[in-house]
Structures are given as C-alpha cells and as structure tokens.
$ cat input.cif   # mmCIF, C-alpha atoms
data_work
loop_
_atom_site.label_atom_id
_atom_site.label_comp_id
_atom_site.auth_asym_id
_atom_site.auth_seq_id
_atom_site.Cartn_x
_atom_site.Cartn_y
_atom_site.Cartn_z
CA MET Q 96 -82.48 -51.12 3.82
CA GLU Q 97 -78.85 -50.60 2.89
CA THR Q 98 -77.09 -53.98 2.60
CA LEU Q 99 -73.61 -54.43 4.03
CA ALA Q 100 -72.44 -57.98 3.51
CA ILE Q 101 -71.97 -58.08 -0.26
CA GLY Q 102 -68.72 -56.16 -0.62
CA GLU Q 103 -65.21 -56.95 0.45
CA SER Q 104 -63.46 -53.96 2.02
CA LYS Q 105 -59.73 -53.31 1.88
CA ALA Q 106 -57.42 -51.54 4.26
CA CYS Q 107 -57.38 -47.80 3.69
CA SER Q 108 -54.19 -45.77 3.70
CA ASP Q 109 -53.87 -42.09 2.83
CA ASN Q 110 -52.42 -42.69 -0.65
CA SER Q 111 -54.31 -45.85 -1.62
CA THR Q 112 -56.85 -46.02 -4.43
CA THR Q 113 -59.43 -47.51 -2.05
CA CYS Q 114 -59.09 -44.59 0.35
CA THR Q 115 -59.41 -42.07 -2.49
CA PHE Q 116 -62.50 -43.87 -3.75
CA ARG Q 117 -64.05 -43.76 -0.28
CA LYS Q 118 -63.55 -40.03 0.01
CA VAL Q 119 -64.98 -39.36 -3.45
CA ASN Q 120 -67.85 -41.76 -2.85
CA GLY Q 121 -68.56 -40.22 0.55
CA GLY Q 122 -68.47 -36.74 -0.97
CA ILE Q 123 -70.99 -37.75 -3.63
CA ILE Q 124 -73.34 -39.22 -1.01
CA CYS Q 125 -72.95 -36.05 1.11
CA GLY Q 126 -73.80 -33.95 -1.94
CA ILE Q 127 -76.84 -36.10 -2.67
CA GLY Q 128 -77.99 -35.73 0.93
CA ALA Q 129 -77.49 -31.95 1.01
CA ALA Q 130 -79.22 -31.47 -2.35
CA GLY Q 131 -82.05 -33.78 -1.32
CA PHE Q 132 -82.49 -31.86 1.92
CA ALA Q 133 -82.74 -28.52 0.08
CA LEU Q 134 -84.92 -29.68 -2.82
CA ASN Q 135 -87.35 -31.65 -0.68
CA SER Q 136 -87.70 -28.67 1.66
CA VAL Q 137 -88.77 -26.58 -1.32
CA VAL Q 138 -91.17 -29.27 -2.58
CA ILE Q 139 -92.77 -29.57 0.87
CA ALA Q 140 -93.22 -25.80 1.04
CA LEU Q 141 -94.77 -25.72 -2.45
CA LEU Q 142 -97.17 -28.55 -1.60
CA ILE Q 143 -98.27 -26.76 1.57
CA PHE Q 144 -98.59 -23.20 0.30
CA ARG Q 145 -99.01 -23.60 -3.47
CA VAL Q 146 -101.34 -26.56 -3.91
CA LYS Q 147 -101.81 -27.15 -7.65
CA LEU Q 148 -102.61 -30.86 -7.58
CA PRO Q 149 -105.90 -32.52 -6.62
CA ARG Q 150 -106.15 -33.11 -2.88
CA SER Q 151 -105.49 -36.87 -2.97
CA GLN Q 152 -102.45 -36.50 -5.25
CA ASN Q 153 -101.12 -33.66 -3.13
CA LEU Q 154 -101.29 -35.79 0.02
CA CYS Q 155 -99.45 -38.65 -1.68
CA MET Q 156 -96.69 -36.35 -2.93
CA PHE Q 157 -96.43 -34.71 0.49
CA SER Q 158 -95.87 -38.09 2.17
CA ILE Q 159 -93.19 -39.00 -0.38
CA SER Q 160 -91.44 -35.64 0.06
CA ILE Q 161 -91.39 -36.00 3.85
CA SER Q 162 -89.88 -39.50 3.60
CA ASP Q 163 -87.27 -38.26 1.08
CA TYR Q 164 -86.51 -35.29 3.35
CA LEU Q 165 -85.76 -37.62 6.27
CA PHE Q 166 -83.86 -40.00 3.99
CA SER Q 167 -81.64 -37.17 2.72
CA ILE Q 168 -80.48 -36.48 6.29
CA THR Q 169 -79.46 -40.14 6.55
CA ALA Q 170 -77.53 -39.83 3.27
CA LEU Q 171 -75.74 -36.68 4.47
CA PHE Q 172 -74.45 -38.25 7.69
CA ARG Q 173 -73.74 -41.57 5.95
CA GLY Q 174 -71.47 -39.78 3.48
CA ILE Q 175 -69.62 -38.00 6.29
CA GLY Q 176 -69.00 -41.35 7.95
CA ILE Q 177 -67.52 -42.79 4.75
CA ILE Q 178 -65.25 -39.76 4.20
CA ARG Q 179 -63.87 -39.83 7.74
CA SER Q 180 -63.67 -43.65 7.90
CA THR Q 181 -65.31 -43.26 11.31
CA PHE Q 182 -68.80 -42.45 12.41
CA LEU Q 183 -68.79 -38.64 12.55
CA ILE Q 184 -66.98 -37.61 15.74
CA SER Q 185 -68.04 -40.74 17.57
CA ARG Q 186 -65.83 -43.53 18.88
CA THR Q 187 -65.45 -46.45 16.48
CA ASP Q 188 -66.37 -49.12 18.97
CA GLU Q 189 -69.48 -50.85 20.23
CA SER Q 190 -72.56 -49.12 21.61
CA SER Q 191 -71.51 -45.54 20.92
CA LEU Q 192 -74.50 -43.34 21.72
CA ARG Q 193 -74.29 -41.26 18.52
CA CYS Q 194 -73.83 -44.37 16.43
CA MET Q 195 -76.82 -46.02 18.12
CA ILE Q 196 -79.09 -43.01 17.55
CA PHE Q 197 -78.10 -42.77 13.90
CA THR Q 198 -78.65 -46.50 13.36
CA LEU Q 199 -82.20 -46.33 14.69
CA TYR Q 200 -82.98 -43.15 12.74
CA ALA Q 201 -81.49 -44.54 9.51
CA SER Q 202 -83.40 -47.80 9.92
CA PHE Q 203 -86.67 -45.85 10.21
CA THR Q 204 -85.96 -43.81 7.06
CA TRP Q 205 -84.93 -46.94 5.12
CA ASN Q 206 -88.20 -48.58 6.10
CA ILE Q 207 -90.49 -45.72 5.10
CA VAL Q 208 -88.87 -44.39 1.91
CA LEU Q 209 -90.13 -47.19 -0.39
CA VAL Q 210 -93.42 -47.89 1.38
CA ALA Q 211 -94.36 -44.21 0.99
CA LEU Q 212 -94.72 -44.81 -2.77
CA LEU Q 213 -97.63 -47.23 -2.27
CA PRO Q 214 -100.46 -44.66 -1.84
CA LEU Q 215 -99.36 -42.84 -5.01
CA THR Q 216 -99.22 -46.12 -6.94
CA VAL Q 217 -102.68 -47.14 -5.71
CA GLU Q 218 -104.05 -43.71 -6.66
CA ARG Q 219 -102.74 -43.99 -10.23
CA PHE Q 220 -103.83 -47.63 -10.50
CA LEU Q 221 -107.42 -46.80 -9.57
CA SER Q 222 -107.47 -43.63 -11.66
CA ILE Q 223 -106.46 -45.40 -14.89
CA CYS Q 224 -107.61 -48.99 -14.45
CA LEU Q 225 -110.71 -48.49 -12.28
CA PRO Q 226 -111.85 -44.87 -12.72
CA LEU Q 227 -115.26 -45.42 -11.10
CA LYS Q 228 -113.64 -46.95 -8.03
CA HIS Q 229 -111.19 -44.05 -7.97
CA LYS Q 230 -113.99 -41.51 -7.62
CA LEU Q 231 -115.62 -43.63 -4.94
CA PHE Q 232 -112.62 -44.50 -2.77
CA MET Q 233 -109.89 -41.91 -3.33
CA LYS Q 234 -111.24 -39.27 -0.98
CA PRO Q 235 -108.79 -37.21 1.10
CA LYS Q 236 -109.80 -39.07 4.24
CA THR Q 237 -109.13 -42.46 2.60
CA VAL Q 238 -105.78 -41.29 1.26
CA LYS Q 239 -104.78 -40.08 4.74
CA TRP Q 240 -105.50 -43.52 6.18
CA MET Q 241 -103.48 -45.13 3.41
CA ILE Q 242 -100.56 -42.88 4.30
CA TYR Q 243 -100.98 -43.63 8.01
CA SER Q 244 -100.92 -47.36 7.23
CA CYS Q 245 -97.48 -46.86 5.64
CA TRP Q 246 -95.93 -44.74 8.39
CA ILE Q 247 -97.37 -46.53 11.43
CA PRO Q 248 -95.66 -49.93 10.78
CA ALA Q 249 -92.30 -48.16 10.37
CA ALA Q 250 -92.90 -46.32 13.65
CA ILE Q 251 -93.81 -49.61 15.37
CA PHE Q 252 -90.59 -51.22 14.15
CA LEU Q 253 -88.64 -48.20 15.39
CA LEU Q 254 -90.28 -48.54 18.81
CA TYR Q 255 -89.44 -52.26 18.84
CA ASP Q 256 -85.80 -51.50 17.98
CA ILE Q 257 -85.55 -48.98 20.81
CA VAL Q 258 -87.02 -51.40 23.36
CA GLN Q 259 -85.15 -54.49 22.15
CA TYR Q 260 -81.74 -53.11 21.19
CA VAL Q 261 -81.38 -50.13 23.51
CA ILE Q 262 -83.34 -50.90 26.67
CA ILE Q 263 -83.20 -54.72 26.84
CA ASP Q 264 -80.04 -55.59 24.91
CA GLY Q 265 -77.64 -52.69 24.48
CA THR Q 266 -74.84 -54.78 22.93
CA SER Q 267 -76.53 -55.81 19.66
CA ILE Q 268 -75.72 -52.52 17.91
CA THR Q 269 -72.03 -52.70 16.99
CA TYR Q 270 -69.71 -50.65 14.80
CA HIS Q 271 -68.86 -52.12 11.39
CA ARG Q 272 -65.36 -50.87 10.58
CA HIS Q 273 -65.38 -51.80 6.90
CA TYR Q 274 -68.54 -49.81 6.20
CA HIS Q 275 -68.15 -46.99 8.73
CA ARG Q 276 -71.53 -47.30 10.43
CA CYS Q 277 -73.20 -49.27 13.18
CA VAL Q 278 -75.36 -52.30 12.45
CA ILE Q 279 -77.92 -54.30 14.40
CA ASN Q 280 -76.65 -57.86 14.61
CA ASP Q 281 -79.92 -59.72 14.20
CA LYS Q 282 -80.43 -61.79 11.04
CA VAL Q 283 -84.10 -62.52 11.79
CA ARG Q 284 -84.79 -58.80 12.07
CA MET Q 285 -83.00 -58.18 8.76
CA VAL Q 286 -85.15 -60.78 6.98
CA VAL Q 287 -88.37 -59.39 8.46
CA MET Q 288 -87.45 -55.80 7.56
CA LYS Q 289 -86.44 -56.75 4.02
CA THR Q 290 -89.69 -58.65 3.53
CA VAL Q 291 -92.08 -56.10 5.02
CA PHE Q 292 -90.49 -52.88 3.82
CA THR Q 293 -88.77 -53.85 0.56
CA ILE Q 294 -89.93 -57.10 -1.05
CA VAL Q 295 -93.68 -56.72 -0.39
CA PRO Q 296 -94.02 -53.02 -1.40
CA LEU Q 297 -91.70 -53.41 -4.39
CA SER Q 298 -93.72 -56.41 -5.62
CA ALA Q 299 -97.04 -54.61 -5.10
CA ILE Q 300 -95.80 -51.51 -6.92
CA ALA Q 301 -94.47 -53.62 -9.80
CA ILE Q 302 -97.78 -55.49 -10.24
CA MET Q 303 -99.97 -52.37 -10.09
CA TYR Q 304 -97.71 -50.30 -12.34
CA ALA Q 305 -97.43 -53.10 -14.91
CA THR Q 306 -101.23 -53.31 -14.96
CA VAL Q 307 -101.44 -49.56 -15.46
CA VAL Q 308 -98.97 -49.60 -18.37
CA VAL Q 309 -100.83 -52.49 -20.06
CA THR Q 310 -104.14 -50.65 -19.65
CA VAL Q 311 -102.74 -47.43 -21.10
CA ILE Q 312 -101.28 -49.26 -24.12
CA ARG Q 313 -104.30 -51.47 -24.72
CA LEU Q 314 -106.92 -48.71 -24.47
CA ARG Q 315 -104.64 -46.00 -25.90
CA LYS Q 316 -105.58 -43.70 -23.07
CA GLN Q 317 -104.51 -40.08 -22.98
CA THR Q 318 -102.60 -39.78 -19.72
CA PRO Q 319 -102.17 -36.51 -17.81
CA ARG Q 320 -98.79 -35.05 -16.93
CA PHE Q 321 -99.15 -36.34 -13.37
CA PHE Q 322 -99.03 -39.89 -14.75
CA THR Q 323 -95.68 -39.08 -16.37
CA MET Q 324 -94.37 -37.80 -13.04
CA THR Q 325 -95.65 -40.90 -11.21
CA SER Q 326 -94.08 -43.19 -13.81
CA ALA Q 327 -90.71 -41.48 -13.48
CA ILE Q 328 -90.84 -41.69 -9.67
CA ILE Q 329 -91.64 -45.43 -9.74
CA ILE Q 330 -89.00 -46.22 -12.37
CA THR Q 331 -86.26 -44.38 -10.47
CA ALA Q 332 -87.27 -46.18 -7.28
CA PHE Q 333 -86.81 -49.53 -9.03
CA VAL Q 334 -83.44 -48.43 -10.39
CA ALA Q 335 -82.33 -47.39 -6.89
CA TYR Q 336 -83.63 -50.33 -4.85
CA PHE Q 337 -83.82 -53.37 -7.11
CA PRO Q 338 -80.03 -53.95 -7.59
CA GLU Q 339 -79.47 -53.79 -3.83
CA LEU Q 340 -82.34 -56.21 -3.18
CA LEU Q 341 -81.25 -58.60 -5.93
CA LEU Q 342 -77.67 -58.74 -4.67
CA TYR Q 343 -78.89 -59.23 -1.11
CA LEU Q 344 -81.13 -62.16 -2.07
CA ALA Q 345 -78.42 -63.75 -4.23
CA GLU Q 346 -75.72 -63.13 -1.57
CA VAL Q 347 -73.27 -61.97 -4.23
CA HIS Q 348 -69.80 -60.97 -3.03
CA MET Q 349 -67.87 -58.37 -5.01
CA ASP Q 350 -65.23 -55.67 -4.75
CA TYR Q 351 -65.82 -52.89 -2.25
CA GLU Q 352 -65.99 -50.18 -4.94
CA ILE Q 353 -68.66 -51.96 -6.99
CA ALA Q 354 -70.66 -52.80 -3.88
CA GLN Q 355 -70.60 -49.17 -2.78
CA VAL Q 356 -71.90 -47.91 -6.12
CA LEU Q 357 -74.68 -50.50 -6.43
CA THR Q 358 -75.88 -50.65 -2.84
CA VAL Q 359 -75.02 -47.29 -1.27
CA THR Q 360 -74.61 -44.49 -3.82
CA LEU Q 361 -77.41 -45.70 -6.09
CA TYR Q 362 -79.56 -46.47 -3.06
CA TYR Q 363 -79.31 -42.97 -1.61
CA SER Q 364 -79.75 -41.28 -4.97
CA ASN Q 365 -83.50 -41.81 -4.64
CA CYS Q 366 -83.75 -39.11 -1.97
CA ILE Q 367 -83.05 -36.49 -4.65
CA SER Q 368 -84.61 -38.04 -7.76
CA ASN Q 369 -88.26 -37.54 -6.76
CA SER Q 370 -87.87 -33.82 -6.10
CA VAL Q 371 -85.96 -33.36 -9.36
CA ILE Q 372 -88.74 -35.16 -11.25
CA TYR Q 373 -91.32 -32.96 -9.53
CA PHE Q 374 -89.59 -29.77 -10.69
CA VAL Q 375 -88.90 -31.03 -14.22
CA ILE Q 376 -92.47 -32.14 -14.93
CA ASN Q 377 -94.48 -29.72 -12.78
CA ARG Q 378 -94.48 -26.43 -14.68
CA SER Q 379 -96.31 -24.50 -11.94
CA ALA Q 380 -93.54 -25.39 -9.46
CA ARG Q 381 -90.89 -24.00 -11.81
CA LEU Q 382 -92.88 -20.82 -12.37
CA THR Q 383 -93.33 -20.34 -8.63
CA ILE Q 384 -89.59 -20.68 -8.04
CA SER Q 385 -88.78 -18.23 -10.85
CA GLU Q 386 -91.29 -15.71 -9.47
CA ARG Q 387 -89.88 -15.97 -5.95
CA SER Q 388 -86.21 -15.90 -6.97
CA PRO Q 389 -84.43 -12.51 -6.65
CA LYS Q 390 -84.04 -10.66 -9.93
CA PRO Q 391 -80.84 -8.78 -10.96
CA ARG Q 392 -80.78 -5.04 -10.34
CA GLY Q 393 -82.12 -3.07 -13.22
CA SER Q 394 -84.08 -5.94 -14.70
CA GLU Q 395 -87.42 -4.48 -13.57
CA SER Q 396 -86.66 -1.11 -15.20
CA VAL Q 397 -85.58 -2.82 -18.42
CA ILE Q 398 -88.80 -4.83 -18.47
CA LYS Q 399 -90.82 -1.67 -17.80
CA GLN Q 400 -89.10 0.26 -20.59
CA THR Q 401 -89.60 -2.65 -22.98
CA SER Q 402 -93.31 -2.81 -22.16
CA GLU Q 403 -93.67 0.93 -22.73
CA ILE Q 404 -92.01 0.68 -26.14
#
$ encode --input "input.cif" --output "structure tokens"
Amino acid sequence: METLAIGESKACSDNSTTCTFRKVNGGIICGIGAAGFALNSVVIALLIFRVKLPRSQNLCMFSISISDYLFSITALFRGIGIIRSTFLISRTDESSLRCMIFTLYASFTWNIVLVALLPLTVERFLSICLPLKHKLFMKPKTVKWMIYSCWIPAAIFLLYDIVQYVIIDGTSITYHRHYHRCVINDKVRMVVMKTVFTIVPLSAIAIMYATVVVTVIRLRKQTPRFFTMTSAIIITAFVAYFPELLLYLAEVHMDYEIAQVLTVTLYYSNCISNSVIYFVINRSARLTISERSPKPRGSESVIKQTSEI
C-alpha cells in the first residue's frame, strides 16, 4: 500500500522546482501505467492462447499478470492526479465520488499485487527444495485454490471498505491535498492492511526464496530458465516494496521529492517489471511477437528471392 505520511510537501507554483518535479514525476508514473497496461495485456493474451509453460506455472504467471494489469491502471490515474495537482477532473474536497471510487479500487490493487507472488514462490520452493512434494501437491486444481486464497481476502477487504467507508461512514475518505489523492482516515485499518498484505507475504516470500537459493548453491542444482524469471520477479518486487515498507515502519520524514521517488515511483514500477522480465527471459514469447508483428513491404519477396538463391 502506497504510504503517504513520510514526505513533507511544499506549495506548488507554476515556476517552482517542486511543481516541475511533480509534473515530471507524474508523467513518469503515467508512462509506467500506460506501458504496464499494454505489456500486461500482451502477456495475458500469450498465456491464454500460446501456453508454453507447464499448467501450474502458467496459472501462477496469469494471476500475477492480472494483478499487474489492474495495478497499472492505478498507476496511470495516480500519475494524472500528480500532474494536475488535483484528482483527475474531480473536486479537491471530501467525499468526491470519483475520488472515493478510485481510492477503493487502488486499495484493492495494492492489496493483491504482492500477495499474487505467493503461489509462484511456493511452486518454485517445492520444485527445487521438495521435488517429490511438488509432483504430489502442485496440480492445477491445487494451484487454482492457492490463487483463490490470495484474491479472496483482498476482495473481502474491498467489500468491508465499501460497507464501512461508503455505506456506514461516508466521511472517512478525504482528499489529501499534498499528495493529490483521497485517503481512508483509519490508522487501525492501515496497520491491518500493511500486516496482512505486505509484511506477511513479503516475509514468507523472503524465507522461501532464501531457502531456494541456499538449496541451489549447496546442491549445485541446474536450474531451468523459469527459475531465472521467478528470481528476477521476486527481486524486483523486493526492490519496489521494501523501501516503502521500511520507511513506513521507521516513520522517517524526508523531502517530498525523495519520498515520491522511494514510495510512489519505485512502488508503481513493479506493474511493468514483471512483464518486461517475462519477455526478456521467455524466448517463445519474443518469437510469437515477432511472428505476429507486421513486416515491411517487400520483405517477404526479398526473403523469397534469398531462399531461391
């Protein structure tokens, strides 16, 4: 979950350095969101129509791509809010309907984007550390239930937010002028969400992945390319989420610009990193894209003449 209270914002005027930084920073986040939306759409299509991975791995990657796809939409609108210094075309006051809808949607995507990595981590952990258990437990049906167990708690929290902060108490969602988005003013909720959807999954992923790395080094195992892709996905997730979590727990206050880079830009960068890793490491995905991409006019005739020669 994106942290707000660790940066000190300054007044923004048209010619100030702070205002220029906000526009550049918002543009970068918008670009990340747009690129993440496009790339994850392609990855989802490839996983559905061009399945090259084993079924359990394919399901794990599909869940991650869906969560990143939703997260990229949050990043896109978040960047627009920073550029405009308002929330889209909405009023910058309390309980704006657009602001309320975005807050609930963003909260859901923040909750699911890290938890979605757990099934993939468990799959790699069992495959390398407990291969016999992997063959026994990692059936498609089991993997589906693992994925459901990640998405259902996030959906339950979303339902709770709607009931509590929209139906029962419509004044708890207020606009935060310094950060150009609405927030839910409930510290207990923040602690619960951080614990359930950030601290617990991040700790579990760290323990399992560390065990996997130790096993690979100790036994000198030959790891497949999918392990390289999984490792890159987990490492980038830690790079994106750990600074924000550490600063939140330590309650560190810093300049607005530094806070934005560490807790907003870096945080949203994860919605694009997984799809980039997928294309870089997965050769079949790159070949599929190159086959489907339009070729320049005359290239087919040149290729035909070359083959005849």
$ residues_around --input "input.cif" --residues "Val295 in chain Q" --least-positions-apart "6" --cutoff "10 Å" --atoms "only C-alpha atoms" --output "list in words"
Val210, Lys289 and Ala301 of chain Q
$ residues_near_point --input "input.cif" --point "(-108.7, -37.7, 0.3)" --cutoff "12 Å" --atoms "only C-alpha atoms" --output "ChimeraX atom specification"
/Q:149-155,214-215,218,229-242
$ atom_distance --input "input.cif" --atom1 "CA of Val311 in chain Q" --atom2 "CA of Pro226 in chain Q"
12.6 Å
$ atom_distance --input "input.cif" --atom1 "CA of Val119 in chain Q" --atom2 "CA of Phe172 in chain Q"
14.7 Å
$ residues_around --input "input.cif" --residues "Val137 in chain Q" --least-positions-apart "4" --cutoff "10 Å" --atoms "all atoms listed in the file" --output "ChimeraX atom specification"
/Q:131-133,141-143,160,370,374,380,384
$ residues_near_point --input "input.cif" --point "(-82.5, -45.8, 4.4)" --cutoff "12 Å" --atoms "only C-alpha atoms" --output "PyMOL selection string"
chain Q and resi 96-98+128+162-173+197-210+249+288-289+292-293+335-336+339+358-366
$ closest_residue --input "input.cif" --among "Q:Arg145, Q:Arg313, Q:Arg284, Q:Arg179" --to "Lys118 in chain Q" --atoms "only C-alpha atoms"
Q:Arg179
